[in-house]
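Structure below is entry_24.pdb: PDB, C-alpha atoms, pLDDT in the B column.
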ATOM      1  CA  MET A   1     109.070 -88.992 -92.538  1.00 52.00           C
ATOM      2  CA  SER A   2     105.662 -90.111 -93.721  1.00 70.00           C
ATOM      3  CA  LYS A   3     102.605 -88.694 -95.400  1.00 79.00           C
ATOM      4  CA  ALA A   4     100.481 -90.437 -92.767  1.00 88.00           C
ATOM      5  CA  GLU A   5     102.206 -88.587 -89.915  1.00 91.00           C
ATOM      6  CA  ASN A   6     101.758 -85.247 -91.667  1.00 90.00           C
ATOM      7  CA  GLU A   7      98.049 -85.996 -92.108  1.00 89.00           C
ATOM      8  CA  GLN A   8      97.742 -86.998 -88.431  1.00 93.00           C
ATOM      9  CA  MET A   9      99.186 -83.592 -87.497  1.00 95.00           C
ATOM     10  CA  MET A  10      96.706 -81.951 -89.851  1.00 93.00           C
ATOM     11  CA  ASP A  11      93.798 -83.923 -88.323  1.00 93.00           C
ATOM     12  CA  MET A  12      94.855 -82.688 -84.876  1.00 95.00           C
ATOM     13  CA  LEU A  13      94.826 -79.083 -86.104  1.00 96.00           C
ATOM     14  CA  ILE A  14      91.319 -79.578 -87.495  1.00 96.00           C
ATOM     15  CA  GLU A  15      90.088 -81.256 -84.300  1.00 96.00           C
ATOM     16  CA  TYR A  16      91.293 -78.366 -82.134  1.00 96.00           C
ATOM     17  CA  GLY A  17      89.850 -75.743 -84.462  1.00 96.00           C
ATOM     18  CA  TYR A  18      93.097 -74.316 -85.833  1.00 97.00           C
ATOM     19  CA  LEU A  19      92.229 -75.407 -89.374  1.00 97.00           C
ATOM     20  CA  SER A  20      88.762 -74.930 -90.818  1.00 96.00           C
ATOM     21  CA  THR A  21      88.923 -73.517 -94.361  1.00 96.00           C
ATOM     22  CA  GLU A  22      89.037 -76.030 -97.206  1.00 96.00           C
ATOM     23  CA  ARG A  23      91.777 -74.278 -99.198  1.00 96.00           C
ATOM     24  CA  VAL A  24      94.007 -73.968 -96.105  1.00 97.00           C
ATOM     25  CA  ILE A  25      93.430 -77.603 -95.139  1.00 96.00           C
ATOM     26  CA  LYS A  26      94.361 -78.662 -98.676  1.00 96.00           C
ATOM     27  CA  ALA A  27      97.579 -76.609 -98.475  1.00 97.00           C
ATOM     28  CA  PHE A  28      98.584 -78.292 -95.207  1.00 95.00           C
ATOM     29  CA  LYS A  29      97.906 -81.671 -96.784  1.00 94.00           C
ATOM     30  CA  ASN A  30     100.178 -80.852 -99.731  1.00 95.00           C
ATOM     31  CA  VAL A  31     103.089 -79.512 -97.651  1.00 95.00           C
ATOM     32  CA  ASP A  32     105.094 -81.895 -95.455  1.00 94.00           C
ATOM     33  CA  ARG A  33     106.547 -80.082 -92.430  1.00 94.00           C
ATOM     34  CA  ALA A  34     109.444 -82.565 -92.334  1.00 93.00           C
ATOM     35  CA  ASP A  35     110.809 -81.073 -95.553  1.00 93.00           C
ATOM     36  CA  PHE A  36     111.441 -77.781 -93.733  1.00 94.00           C
ATOM     37  CA  ALA A  37     112.883 -79.053 -90.438  1.00 89.00           C
ATOM     38  CA  PRO A  38     116.621 -79.611 -89.850  1.00 87.00           C
ATOM     39  CA  GLU A  39     117.456 -83.317 -90.057  1.00 86.00           C
ATOM     40  CA  GLU A  40     118.267 -83.587 -86.347  1.00 87.00           C
ATOM     41  CA  TYR A  41     114.763 -82.367 -85.414  1.00 82.00           C
ATOM     42  CA  ARG A  42     112.688 -84.272 -87.968  1.00 84.00           C
ATOM     43  CA  LYS A  43     111.720 -86.975 -85.488  1.00 83.00           C
ATOM     44  CA  GLY A  44     109.548 -84.469 -83.629  1.00 84.00           C
ATOM     45  CA  CYS A  45     108.551 -82.335 -86.589  1.00 90.00           C
ATOM     46  CA  TYR A  46     104.869 -83.337 -86.416  1.00 93.00           C
ATOM     47  CA  GLU A  47     104.475 -82.256 -82.797  1.00 93.00           C
ATOM     48  CA  ASP A  48     102.802 -78.920 -82.140  1.00 94.00           C
ATOM     49  CA  THR A  49     105.926 -77.065 -81.122  1.00 93.00           C
ATOM     50  CA  PRO A  50     108.416 -74.620 -82.670  1.00 91.00           C
ATOM     51  CA  LEU A  51     111.747 -76.054 -83.868  1.00 91.00           C
ATOM     52  CA  PRO A  52     115.144 -74.347 -84.163  1.00 89.00           C
ATOM     53  CA  ILE A  53     116.505 -73.927 -87.696  1.00 89.00           C
ATOM     54  CA  GLY A  54     119.808 -72.236 -86.841  1.00 84.00           C
ATOM     55  CA  ARG A  55     121.068 -68.669 -86.373  1.00 84.00           C
ATOM     56  CA  GLY A  56     118.573 -68.113 -83.540  1.00 81.00           C
ATOM     57  CA  GLN A  57     115.591 -68.616 -85.864  1.00 87.00           C
ATOM     58  CA  THR A  58     112.711 -71.091 -85.579  1.00 87.00           C
ATOM     59  CA  ILE A  59     110.046 -72.839 -87.618  1.00 91.00           C
ATOM     60  CA  SER A  60     106.750 -71.904 -85.954  1.00 93.00           C
ATOM     61  CA  ALA A  61     104.504 -74.489 -84.323  1.00 94.00           C
ATOM     62  CA  PRO A  62     101.975 -75.999 -86.757  1.00 96.00           C
ATOM     63  CA  SER A  63      99.086 -74.456 -84.801  1.00 97.00           C
ATOM     64  CA  MET A  64     100.583 -70.957 -85.199  1.00 96.00           C
ATOM     65  CA  VAL A  65     101.117 -71.469 -88.928  1.00 97.00           C
ATOM     66  CA  ALA A  66      97.502 -72.632 -89.144  1.00 97.00           C
ATOM     67  CA  ILE A  67      96.187 -69.618 -87.189  1.00 97.00           C
ATOM     68  CA  MET A  68      98.112 -67.182 -89.378  1.00 98.00           C
ATOM     69  CA  SER A  69      97.184 -68.945 -92.622  1.00 98.00           C
ATOM     70  CA  GLU A  70      93.486 -68.936 -91.715  1.00 98.00           C
ATOM     71  CA  LYS A  71      93.406 -65.364 -90.407  1.00 97.00           C
ATOM     72  CA  LEU A  72      95.281 -63.903 -93.387  1.00 97.00           C
ATOM     73  CA  ASP A  73      92.445 -65.106 -95.643  1.00 97.00           C
ATOM     74  CA  CYS A  74      94.504 -65.479 -98.824  1.00 97.00           C
ATOM     75  CA  ARG A  75      92.796 -66.307-102.115  1.00 97.00           C
ATOM     76  CA  PRO A  76      94.003 -67.762-105.414  1.00 97.00           C
ATOM     77  CA  GLY A  77      95.757 -65.178-107.583  1.00 98.00           C
ATOM     78  CA  MET A  78      96.695 -62.793-104.763  1.00 98.00           C
ATOM     79  CA  LYS A  79     100.050 -61.028-104.410  1.00 98.00           C
ATOM     80  CA  ILE A  80     101.549 -61.687-100.967  1.00 98.00           C
ATOM     81  CA  LEU A  81     104.542 -60.242 -99.106  1.00 98.00           C
ATOM     82  CA  GLU A  82     106.084 -62.326 -96.328  1.00 98.00           C
ATOM     83  CA  ILE A  83     108.616 -60.792 -93.955  1.00 98.00           C
ATOM     84  CA  GLY A  84     110.853 -63.493 -92.494  1.00 96.00           C
ATOM     85  CA  ALA A  85     111.178 -66.511 -94.777  1.00 96.00           C
ATOM     86  CA  GLY A  86     112.701 -68.636 -92.017  1.00 94.00           C
ATOM     87  CA  SER A  87     112.431 -72.318 -92.902  1.00 95.00           C
ATOM     88  CA  GLY A  88     110.115 -71.619 -95.836  1.00 97.00           C
ATOM     89  CA  TYR A  89     107.233 -73.636 -94.323  1.00 97.00           C
ATOM     90  CA  GLN A  90     104.777 -70.743 -94.023  1.00 97.00           C
ATOM     91  CA  ALA A  91     105.700 -69.548 -97.518  1.00 98.00           C
ATOM     92  CA  ALA A  92     104.997 -73.005 -98.953  1.00 98.00           C
ATOM     93  CA  ILE A  93     101.554 -73.115 -97.315  1.00 98.00           C
ATOM     94  CA  LEU A  94     100.669 -69.680 -98.717  1.00 98.00           C
ATOM     95  CA  ALA A  95     102.085 -70.556-102.145  1.00 98.00           C
ATOM     96  CA  GLU A  96      99.730 -73.544-102.273  1.00 98.00           C
ATOM     97  CA  ILE A  97      96.759 -71.354-101.344  1.00 98.00           C
ATOM     98  CA  ILE A  98      97.356 -68.575-103.900  1.00 98.00           C
ATOM     99  CA  GLY A  99      98.150 -71.056-106.676  1.00 97.00           C
ATOM    100  CA  SER A 100     100.057 -70.644-109.913  1.00 96.00           C
ATOM    101  CA  LYS A 101      98.371 -67.331-110.769  1.00 97.00           C
ATOM    102  CA  GLY A 102      99.377 -65.812-107.423  1.00 98.00           C
ATOM    103  CA  LYS A 103     102.746 -64.391-106.399  1.00 98.00           C
ATOM    104  CA  LEU A 104     104.541 -64.564-103.065  1.00 98.00           C
ATOM    105  CA  PHE A 105     107.591 -62.463-102.250  1.00 98.00           C
ATOM    106  CA  THR A 106     109.394 -63.446 -99.061  1.00 98.00           C
ATOM    107  CA  VAL A 107     112.184 -61.363 -97.496  1.00 98.00           C
ATOM    108  CA  GLU A 108     114.818 -62.876 -95.174  1.00 97.00           C
ATOM    109  CA  ARG A 109     117.644 -60.859 -93.618  1.00 95.00           C
ATOM    110  CA  ILE A 110     119.979 -63.807 -92.844  1.00 94.00           C
ATOM    111  CA  LYS A 111     121.578 -65.153 -96.031  1.00 95.00           C
ATOM    112  CA  GLU A 112     122.328 -68.593 -94.598  1.00 94.00           C
ATOM    113  CA  VAL A 113     118.699 -69.035 -93.550  1.00 94.00           C
ATOM    114  CA  ALA A 114     117.510 -67.675 -96.914  1.00 95.00           C
ATOM    115  CA  ASP A 115     119.745 -70.099 -98.834  1.00 94.00           C
ATOM    116  CA  ASN A 116     118.301 -73.079 -96.944  1.00 93.00           C
ATOM    117  CA  ALA A 117     114.733 -71.883 -97.521  1.00 95.00           C
ATOM    118  CA  LYS A 118     115.423 -71.343-101.211  1.00 94.00           C
ATOM    119  CA  LYS A 119     116.404 -74.989-101.608  1.00 94.00           C
ATOM    120  CA  VAL A 120     113.142 -76.350-100.237  1.00 94.00           C
ATOM    121  CA  LEU A 121     111.001 -73.699-101.956  1.00 96.00           C
ATOM    122  CA  GLY A 122     112.555 -74.369-105.353  1.00 94.00           C
ATOM    123  CA  LYS A 123     109.528 -76.218-106.719  1.00 94.00           C
ATOM    124  CA  TYR A 124     107.278 -73.218-106.134  1.00 97.00           C
ATOM    125  CA  LYS A 125     107.504 -71.072-109.254  1.00 97.00           C
ATOM    126  CA  ASN A 126     105.164 -68.502-107.681  1.00 98.00           C
ATOM    127  CA  VAL A 127     107.636 -67.717-104.868  1.00 98.00           C
ATOM    128  CA  LYS A 128     110.542 -65.269-105.004  1.00 98.00           C
ATOM    129  CA  LEU A 129     112.974 -65.060-102.080  1.00 97.00           C
ATOM    130  CA  ILE A 130     114.842 -61.814-101.385  1.00 97.00           C
ATOM    131  CA  VAL A 131     117.715 -61.308 -98.927  1.00 97.00           C
ATOM    132  CA  GLY A 132     117.360 -57.956 -97.206  1.00 96.00           C
ATOM    133  CA  ASP A 133     115.804 -55.820 -94.475  1.00 97.00           C
ATOM    134  CA  GLY A 134     112.200 -56.974 -94.227  1.00 97.00           C
ATOM    135  CA  THR A 135     111.093 -53.857 -92.361  1.00 97.00           C
ATOM    136  CA  LEU A 136     111.566 -51.973 -95.651  1.00 98.00           C
ATOM    137  CA  GLY A 137     109.136 -54.325 -97.391  1.00 98.00           C
ATOM    138  CA  TYR A 138     109.599 -54.862-101.117  1.00 98.00           C
ATOM    139  CA  LYS A 139     108.593 -51.615-102.826  1.00 97.00           C
ATOM    140  CA  LYS A 140     109.403 -52.931-106.285  1.00 96.00           C
ATOM    141  CA  GLU A 141     106.313 -55.180-106.281  1.00 98.00           C
ATOM    142  CA  ALA A 142     103.960 -53.094-104.094  1.00 98.00           C
ATOM    143  CA  PRO A 143     101.089 -52.845-103.433  1.00 98.00           C
ATOM    144  CA  PHE A 144     100.285 -56.228-101.870  1.00 98.00           C
ATOM    145  CA  ASP A 145      96.925 -57.862-101.198  1.00 98.00           C
ATOM    146  CA  ARG A 146      98.298 -59.432 -98.033  1.00 98.00           C
ATOM    147  CA  ILE A 147     101.393 -58.992 -95.853  1.00 98.00           C
ATOM    148  CA  ILE A 148     102.476 -61.503 -93.216  1.00 98.00           C
ATOM    149  CA  VAL A 149     105.269 -60.824 -90.725  1.00 98.00           C
ATOM    150  CA  THR A 150     106.791 -63.792 -88.897  1.00 96.00           C
ATOM    151  CA  ALA A 151     108.886 -61.872 -86.348  1.00 93.00           C
ATOM    152  CA  ALA A 152     107.888 -59.441 -83.598  1.00 94.00           C
ATOM    153  CA  SER A 153     108.297 -55.696 -84.063  1.00 94.00           C
ATOM    154  CA  PRO A 154     108.007 -52.944 -81.404  1.00 92.00           C
ATOM    155  CA  LYS A 155     105.621 -51.191 -83.799  1.00 94.00           C
ATOM    156  CA  ILE A 156     104.180 -51.618 -87.286  1.00 96.00           C
ATOM    157  CA  PRO A 157     106.878 -50.680 -89.841  1.00 97.00           C
ATOM    158  CA  GLU A 158     105.594 -47.717 -91.849  1.00 96.00           C
ATOM    159  CA  PRO A 159     106.890 -49.042 -95.215  1.00 97.00           C
ATOM    160  CA  LEU A 160     104.691 -52.118 -94.779  1.00 98.00           C
ATOM    161  CA  VAL A 161     101.605 -49.979 -94.206  1.00 97.00           C
ATOM    162  CA  GLU A 162     102.439 -47.960 -97.327  1.00 97.00           C
ATOM    163  CA  GLN A 163     102.900 -51.100 -99.421  1.00 98.00           C
ATOM    164  CA  LEU A 164      99.621 -52.694 -98.312  1.00 98.00           C
ATOM    165  CA  LYS A 165      96.848 -52.374-100.893  1.00 97.00           C
ATOM    166  CA  GLU A 166      93.680 -50.481 -99.989  1.00 97.00           C
ATOM    167  CA  GLY A 167      91.402 -53.040 -98.361  1.00 97.00           C
ATOM    168  CA  GLY A 168      94.381 -55.351 -97.833  1.00 98.00           C
ATOM    169  CA  LYS A 169      95.258 -57.248 -94.669  1.00 98.00           C
ATOM    170  CA  MET A 170      98.484 -57.616 -92.692  1.00 98.00           C
ATOM    171  CA  LEU A 171      99.290 -60.021 -89.858  1.00 98.00           C
ATOM    172  CA  ILE A 172     102.092 -58.902 -87.567  1.00 98.00           C
ATOM    173  CA  PRO A 173     103.320 -59.790 -84.059  1.00 96.00           C
ATOM    174  CA  ILE A 174     103.757 -56.611 -81.996  1.00 96.00           C
ATOM    175  CA  GLY A 175     105.881 -56.381 -78.823  1.00 92.00           C
ATOM    176  CA  ASN A 176     109.070 -57.858 -77.385  1.00 81.00           C
ATOM    177  CA  TYR A 177     110.274 -60.611 -75.076  1.00 68.00           C
ATOM    178  CA  LEU A 178     110.237 -58.423 -71.950  1.00 65.00           C
ATOM    179  CA  PHE A 179     106.655 -57.161 -72.155  1.00 72.00           C
ATOM    180  CA  GLY A 180     105.005 -59.863 -74.240  1.00 84.00           C
ATOM    181  CA  GLN A 181     103.727 -59.933 -77.796  1.00 94.00           C
ATOM    182  CA  GLU A 182     100.377 -60.009 -79.515  1.00 96.00           C
ATOM    183  CA  LEU A 183      99.438 -61.031 -83.018  1.00 97.00           C
ATOM    184  CA  ASP A 184      97.447 -58.241 -84.668  1.00 98.00           C
ATOM    185  CA  LEU A 185      95.407 -58.244 -87.869  1.00 98.00           C
ATOM    186  CA  ILE A 186      95.742 -54.932 -89.703  1.00 97.00           C
ATOM    187  CA  THR A 187      93.216 -53.860 -92.337  1.00 98.00           C
ATOM    188  CA  LYS A 188      93.861 -50.800 -94.507  1.00 97.00           C
ATOM    189  CA  VAL A 189      90.737 -48.683 -94.959  1.00 95.00           C
ATOM    190  CA  LYS A 190      90.848 -45.331 -96.777  1.00 91.00           C
ATOM    191  CA  GLY A 191      94.584 -45.091 -96.182  1.00 89.00           C
ATOM    192  CA  LYS A 192      94.299 -45.704 -92.435  1.00 92.00           C
ATOM    193  CA  ILE A 193      94.781 -48.900 -90.466  1.00 94.00           C
ATOM    194  CA  LYS A 194      92.295 -50.781 -88.361  1.00 96.00           C
ATOM    195  CA  GLU A 195      93.869 -53.087 -85.754  1.00 96.00           C
ATOM    196  CA  GLU A 196      92.361 -56.299 -84.381  1.00 97.00           C
ATOM    197  CA  PHE A 197      93.897 -58.446 -81.632  1.00 97.00           C
ATOM    198  CA  VAL A 198      94.184 -62.105 -82.627  1.00 97.00           C
ATOM    199  CA  THR A 199      96.144 -63.902 -79.875  1.00 95.00           C
ATOM    200  CA  GLY A 200      99.188 -63.759 -77.625  1.00 94.00           C
ATOM    201  CA  VAL A 201     102.369 -65.023 -79.298  1.00 94.00           C
ATOM    202  CA  VAL A 202     106.119 -65.466 -78.902  1.00 91.00           C
ATOM    203  CA  PHE A 203     108.235 -64.740 -81.992  1.00 92.00           C
ATOM    204  CA  VAL A 204     111.887 -63.920 -82.599  1.00 89.00           C
ATOM    205  CA  PRO A 205     112.490 -60.144 -82.980  1.00 91.00           C
ATOM    206  CA  LEU A 206     112.056 -58.378 -86.313  1.00 94.00           C
ATOM    207  CA  ILE A 207     115.466 -56.812 -86.908  1.00 93.00           C
ATOM    208  CA  GLY A 208     115.792 -53.828 -89.217  1.00 94.00           C
ATOM    209  CA  LYS A 209     115.550 -50.091 -89.767  1.00 94.00           C
ATOM    210  CA  TYR A 210     111.882 -49.939 -88.736  1.00 93.00           C
ATOM    211  CA  GLY A 211     111.974 -52.874 -86.309  1.00 90.00           C
ATOM    212  CA  ALA A 212     114.103 -53.971 -83.370  1.00 84.00           C
ATOM    213  CA  SER A 213     117.808 -53.217 -83.017  1.00 77.00           C
ATOM    214  CA  GLU A 214     120.432 -55.744 -84.062  1.00 68.00           C
ATOM    215  CA  PRO A 215     121.256 -57.955 -81.027  1.00 57.00           C
ATOM    216  CA  PRO A 216     124.763 -57.491 -79.615  1.00 45.00           C
ATOM    217  CA  SER A 217     127.426 -59.968 -80.703  1.00 46.00           C
ATOM    218  CA  PRO A 218     128.151 -62.699 -78.101  1.00 42.00           C
TER
END

As structure tokens, please, write out the structure in this file.
Amino acid sequence: MSKAENEQMMDMLIEYGYLSTERVIKAFKNVDRADFAPEEYRKGCYEDTPLPIGRGQTISAPSMVAIMSEKLDCRPGMKILEIGAGSGYQAAILAEIIGSKGKLFTVERIKEVADNAKKVLGKYKNVKLIVGDGTLGYKKEAPFDRIIVTAASPKIPEPLVEQLKEGGKMLIPIGNYLFGQELDLITKVKGKIKEEFVTGVVFVPLIGKYGASEPPSP
């Protein structure tokens, strides 16, 4: 894959208004999406579409990663919690934005998926990957300036609200496949949450104690 193709994808995201902030644009320029796509899908990795990464999981479309990265409004030095490491692409973008003085903790429930993400995220010393139930958050490092959830939950997991810093922001898809999903921006103000609708979305379910139930075995 080529740097030129990655930059063409980035130019498209800017043209259509998905990317607008300088620090987010710089992060997209520094992270090649091809590095996070399975080899058999790399030919189309610069198209604006989700890609399968195995075990029923996906790497989100570039436009969705851009929307979430812009809306989360991360700054250098922040402490971030990501629920659903997936391919590691979103984590890499955020790691670039928060820089070496920031910290990103990303939780993935599927070990095989986590192991693959860990390989491609190895160069980021400000990222720690944890295998576990993301709906429980990561209490050990709470509170967090920002929390981003990359799977859809029927409701906002209470542990994530508790672990969000006062004045902090959380992005989370709410809903399910049957009734649709929406991406909500949560802001914590005086211990309570303020919800803002961002856009309609389609994400894999957030499985865990405070999320969706484990899907039945085939």

List the residues selected by the PyMOL selection byres ((chain A and resi 18-21) around 10) in the file shown, writing them as a PyMOL selection string. chain A and resi 10-17+22-26+28+62-70+73

Please provide as a ChimeraX atom specification all residues within 6 Å of Gly134 (chain A), with the sequence filter that same-chain residues fewer than 3 positions apart are discarded (counting only C-alpha atoms). /A:83,107,137

Applying 8 Å and only C-alpha atoms, which residues near region 111-126 of chain A remain after dropping the ones on its own chain fewer than 5 positions away? List them as a PyMOL selection string. chain A and resi 35-36+53-55+85-88+92+95+99-104+131

Compare A:Cys74, A:Ala151, A:Val31, A:Met9 by their minimum atom-to-atom distance to Gly44 (chain A), counting only C-alpha atoms, and give me the closest one.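 Checking each of A:Cys74, A:Ala151, A:Val31, A:Met9 against Gly44 (chain A), counting only C-alpha atoms, the winner is A:Met9.
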
Run the PyMOL selection byres ((chain A and resi 51) around 9) mentally over the shown coordinates, then write out the matched residues as an mmCIF file with C-alpha atoms, in the frame of the given file, using the chain letters and numbers from the document.
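Wrote expr23.cif, looks like this:
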data_model
loop_
_atom_site.group_PDB
_atom_site.id
_atom_site.type_symbol
_atom_site.label_atom_id
_atom_site.label_comp_id
_atom_site.auth_asym_id
_atom_site.auth_seq_id
_atom_site.Cartn_x
_atom_site.Cartn_y
_atom_site.Cartn_z
ATOM 1 C CA ALA A 37 112.883 -79.053 -90.438
ATOM 2 C CA PRO A 38 116.621 -79.611 -89.850
ATOM 3 C CA TYR A 41 114.763 -82.367 -85.414
ATOM 4 C CA GLY A 44 109.548 -84.469 -83.629
ATOM 5 C CA CYS A 45 108.551 -82.335 -86.589
ATOM 6 C CA THR A 49 105.926 -77.065 -81.122
ATOM 7 C CA PRO A 50 108.416 -74.620 -82.670
ATOM 8 C CA PRO A 52 115.144 -74.347 -84.163
ATOM 9 C CA ILE A 53 116.505 -73.927 -87.696
ATOM 10 C CA GLN A 57 115.591 -68.616 -85.864
ATOM 11 C CA THR A 58 112.711 -71.091 -85.579
ATOM 12 C CA ILE A 59 110.046 -72.839 -87.618
ATOM 13 C CA SER A 60 106.750 -71.904 -85.954
ATOM 14 C CA ALA A 61 104.504 -74.489 -84.323
#

To box region 98-106 of chain A, take all atoms listed in the file, fit an axis-aligned box, add 6 Å on each side, and give centre and edge lengths in Å to one decimal, as lines of an AutoDock Vina configuration file.
center_x = 103.4
center_y = -66.8
center_z = -104.9
size_x = 24.0
size_y = 20.6
size_z = 23.7

Give me the result of the PyMOL selection byres ((chain A and resi 171) around 7) on this file, residue by residue, as a ChimeraX atom specification. /A:72,147-149,169-170,172,183-186

When you draw a straight line from CA of Asn176 (chain A) to CA of Phe105 (chain A), how long is it in Å?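 A separation of 25.3 Å between them.
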
Within 10 Å of (100.9, -50.1, -103.1), in the coordinates the file gives, what residues turn up when you count only C-alpha atoms, written out as a PDB file with C-alpha atoms, in the coordinates of the input?
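Now in point06.pdb:
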ATOM      1  CA  LYS A 139     108.593 -51.615-102.826  1.00 97.00           C
ATOM      2  CA  LYS A 140     109.403 -52.931-106.285  1.00 96.00           C
ATOM      3  CA  GLU A 141     106.313 -55.180-106.281  1.00 98.00           C
ATOM      4  CA  ALA A 142     103.960 -53.094-104.094  1.00 98.00           C
ATOM      5  CA  PRO A 143     101.089 -52.845-103.433  1.00 98.00           C
ATOM      6  CA  PHE A 144     100.285 -56.228-101.870  1.00 98.00           C
ATOM      7  CA  ASP A 145      96.925 -57.862-101.198  1.00 98.00           C
ATOM      8  CA  PRO A 159     106.890 -49.042 -95.215  1.00 97.00           C
ATOM      9  CA  LEU A 160     104.691 -52.118 -94.779  1.00 98.00           C
ATOM     10  CA  VAL A 161     101.605 -49.979 -94.206  1.00 97.00           C
ATOM     11  CA  GLU A 162     102.439 -47.960 -97.327  1.00 97.00           C
ATOM     12  CA  GLN A 163     102.900 -51.100 -99.421  1.00 98.00           C
ATOM     13  CA  LEU A 164      99.621 -52.694 -98.312  1.00 98.00           C
ATOM     14  CA  LYS A 165      96.848 -52.374-100.893  1.00 97.00           C
ATOM     15  CA  GLU A 166      93.680 -50.481 -99.989  1.00 97.00           C
ATOM     16  CA  GLY A 168      94.381 -55.351 -97.833  1.00 98.00           C
TER      17      GLY A 168
END

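One finds CA of Leu206 (chain A) at 26.0 Å from CA of Glu40 (chain A).
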
Which is closer to Glu195 (chain A) than all the others in A:Gly77, A:Pro173, A:Pro154, A:Gly132, using all atoms listed in the file? A:Pro173

Determine the nearest neighbour of Gln90 (chain A) from the options A:Thr150, A:Thr187, A:Ser213, A:Thr135, counting all atoms listed in the file.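 Closest to Gln90 (chain A), using all atoms listed in the file: A:Thr150.
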
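As for CA of Glu7 (chain A) and CA of Leu81 (chain A), they are spaced 27.5 Å apart.
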
Between A:Pro205, A:Gly84, A:Glu47, A:Gly167, single out the one closest to Gly191 (chain A), counting all atoms listed in the file. A:Gly167
